[in-house]
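Structure first, commentary second.
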Amino acid sequence: MLITFEGIDGAGKSTQIEELVHALAARGTEAITLREPGGTAVAEKIRHILLESSHEISPIGELLLFSASRAELIQHVVMPALANGKTVILDRFFDSTTAYQGYGRGIDLELLRSIIAIATCGIKPDITFCLDLEPEEALKRKFSKTSIPLAFEGDVLDRMERSGLEFYHNVRRGYLDIARLNSSRFVLLNALDPVAVIHNRILALLNDRFPT
Ligand code: TYD
């Protein structure tokens, strides 16, 4: 089974992934957790190129780098794990490309679909949990941890995060459209709800859709 988590930066994906991994382990299901971009030696190098804040990368170059990282992860790690019957949890997958490179950078969605199909070998998540919140809220959360002023400036931000507030509004709009068009697998969750509430909803949805 392939479970993916999506949402704009700062929505709280990592916390929910950790909670889910513990809950699955308590039931005897060991899950493999991976993040995109990254997850193999080569994919981690590509991640570094993509997120290093001083690099300037064109939208198409960015798309192809995210896709190259994905192809490595899928072929070397995800496909073998799924073939062995493992549960894989991915922190971001191709919905990030649709939201960030499609809605955020404005790359044609049809073109994206073809490139996504090549990079994923056609693999789709069984279920996707998307933590939804306003970009302003996400920023507040990020900076409340570091006590750095609210602005898209400074070295605390990676290259993607320096794209600005309007970019993040477009990305969020992308996720809302993806939810509308893929209601059978893509679940929107209110990221402002308490951690435990979101976690219980995720468990309930998994139990409903994939009873053991
Ligand atoms: P990361 O530090 O993993 O962010 P987060 O903790 O928010 O997941 O950085 C990944 C960044 O790359 C994030 O800004 C989203 C972006 N991204 C894309 O733009 N396209 C993609 O296909 C993927 C996988 C990520």
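Numbering starts fresh at 1 for the residues of each chain in the structure tokens, the chains themselves are lettered A, B, ... in the order given, and ligands are numbered from 1 as they appear.
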
Report task. Write out as a ChimeraX atom specification which residues come within 8 Å of A:Ala43 when counting only C-alpha atoms, dropping same-chain ones fewer than 4 positions away. Result -> /A:37-39,47,68-70,72-73

Selected residues written out with N, CA, C and O atoms, as a CSV table (one decimal), in the first residue's frame:
chain,number,residue,atom,x,y,z
A,37,PRO,N,11.8,15.7,-2.5
A,37,PRO,CA,12.8,15.0,-3.2
A,37,PRO,C,13.8,14.3,-2.3
A,37,PRO,O,14.0,14.8,-1.2
A,38,GLY,N,14.4,13.2,-2.7
A,38,GLY,CA,15.4,12.5,-1.9
A,38,GLY,C,15.1,11.0,-1.8
A,38,GLY,O,14.3,10.5,-2.5
A,39,GLY,N,15.9,10.4,-0.9
A,39,GLY,CA,15.6,9.0,-0.6
A,39,GLY,C,16.6,8.0,-1.2
A,39,GLY,O,16.5,6.8,-0.8
A,47,ARG,N,18.1,16.8,-4.4
A,47,ARG,CA,17.4,17.6,-3.4
A,47,ARG,C,18.2,18.8,-3.0
A,47,ARG,O,17.7,19.9,-2.9
A,68,ALA,N,13.5,13.7,-11.9
A,68,ALA,CA,14.7,12.8,-11.9
A,68,ALA,C,14.8,12.2,-10.5
A,68,ALA,O,15.1,11.0,-10.4
A,69,SER,N,14.7,13.0,-9.5
A,69,SER,CA,14.8,12.5,-8.1
A,69,SER,C,13.7,11.5,-7.9
A,69,SER,O,13.9,10.4,-7.3
A,70,ARG,N,12.5,11.8,-8.4
A,70,ARG,CA,11.4,10.8,-8.3
A,70,ARG,C,11.7,9.5,-9.0
A,70,ARG,O,11.4,8.4,-8.4
A,72,GLU,N,14.4,8.1,-9.6
A,72,GLU,CA,15.4,7.3,-8.8
A,72,GLU,C,14.7,6.6,-7.6
A,72,GLU,O,15.0,5.4,-7.4
A,73,LEU,N,14.0,7.4,-6.9
A,73,LEU,CA,13.3,6.8,-5.7
A,73,LEU,C,12.3,5.7,-6.0
A,73,LEU,O,12.3,4.7,-5.4

Requested in this report: Tell me which protein, DNA and RNA residues are within 10 Å of stretch 180-184 of chain A, counting only C-alpha atoms, leaving out same-chain ones fewer than 3 positions away, and put them as a ChimeraX atom specification.
Outcome: /A:126-128,174-177,187-188

Keeping only C-alpha atoms, write the selected residues as a compact mmCIF listing (two decimals), in the first residue's frame.
# COMPACT_ATOMS: atom_id res chain seq x y z
CA ASP A 126 -3.80 4.30 -2.71
CA ILE A 127 -4.68 7.29 -0.57
CA THR A 128 -3.35 10.84 -0.14
CA GLY A 174 -3.68 23.65 -6.94
CA TYR A 175 -4.20 21.30 -4.02
CA LEU A 176 -7.85 22.34 -3.73
CA ASP A 177 -8.36 21.61 -7.46
CA VAL A 187 -8.42 13.65 1.28
CA LEU A 188 -8.25 17.26 2.44

Query - Residue contacts of A:Ser53 (8 Å, only C-alpha atoms) excluding same-chain residues fewer than 4 positions away, as a count of residues only - result: 6

Report task. Identify which of the residues A:Ser14, A:Ser114, A:Asn207, A:Asn84 lies closest to ligand 1, counting only C-alpha atoms and all ligand atoms when measuring atom-to-atom distances. Result ->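 Result for the nearest residue to ligand 1: A:Ser14.
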
Query raised in the report: Which chains and residue numbers are within 10 Å of ligand 1, counting only C-alpha atoms and all ligand atoms, if I want them as a PyMOL selection string?
Result: chain A and resi 5-14+35-38+47-48+50-51+59+62-70+90-102+104-105+116+138+157-163+168+171

Requested in this report: Name the closest residue to A:Met79 among the candidates A:Ala31, A:Leu165, A:Val197, A:Leu2; distances are taken between atoms, counting only C-alpha atoms.
Outcome: A:Leu2

Requested in this report: Find the distance between atom CA of A:Leu133 and atom CA of A:Ala23 and write it in Å to one decimal.
Outcome: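 Separating atom CA of A:Leu133 from atom CA of A:Ala23 is a distance of 24.3 Å.
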
Query raised in the report: So, counting only C-alpha atoms, which residue among A:Phe167, A:Phe143, A:Phe210, A:Phe186 is closest to A:Tyr103?
Result: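 That would be A:Phe167, the residue with the smallest distance to A:Tyr103.
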
**Report entry** Residue set, stretch 13-163 of chain A restricted to helix (DSSP H, G or I), as a count of residues only
**Finding:** 88
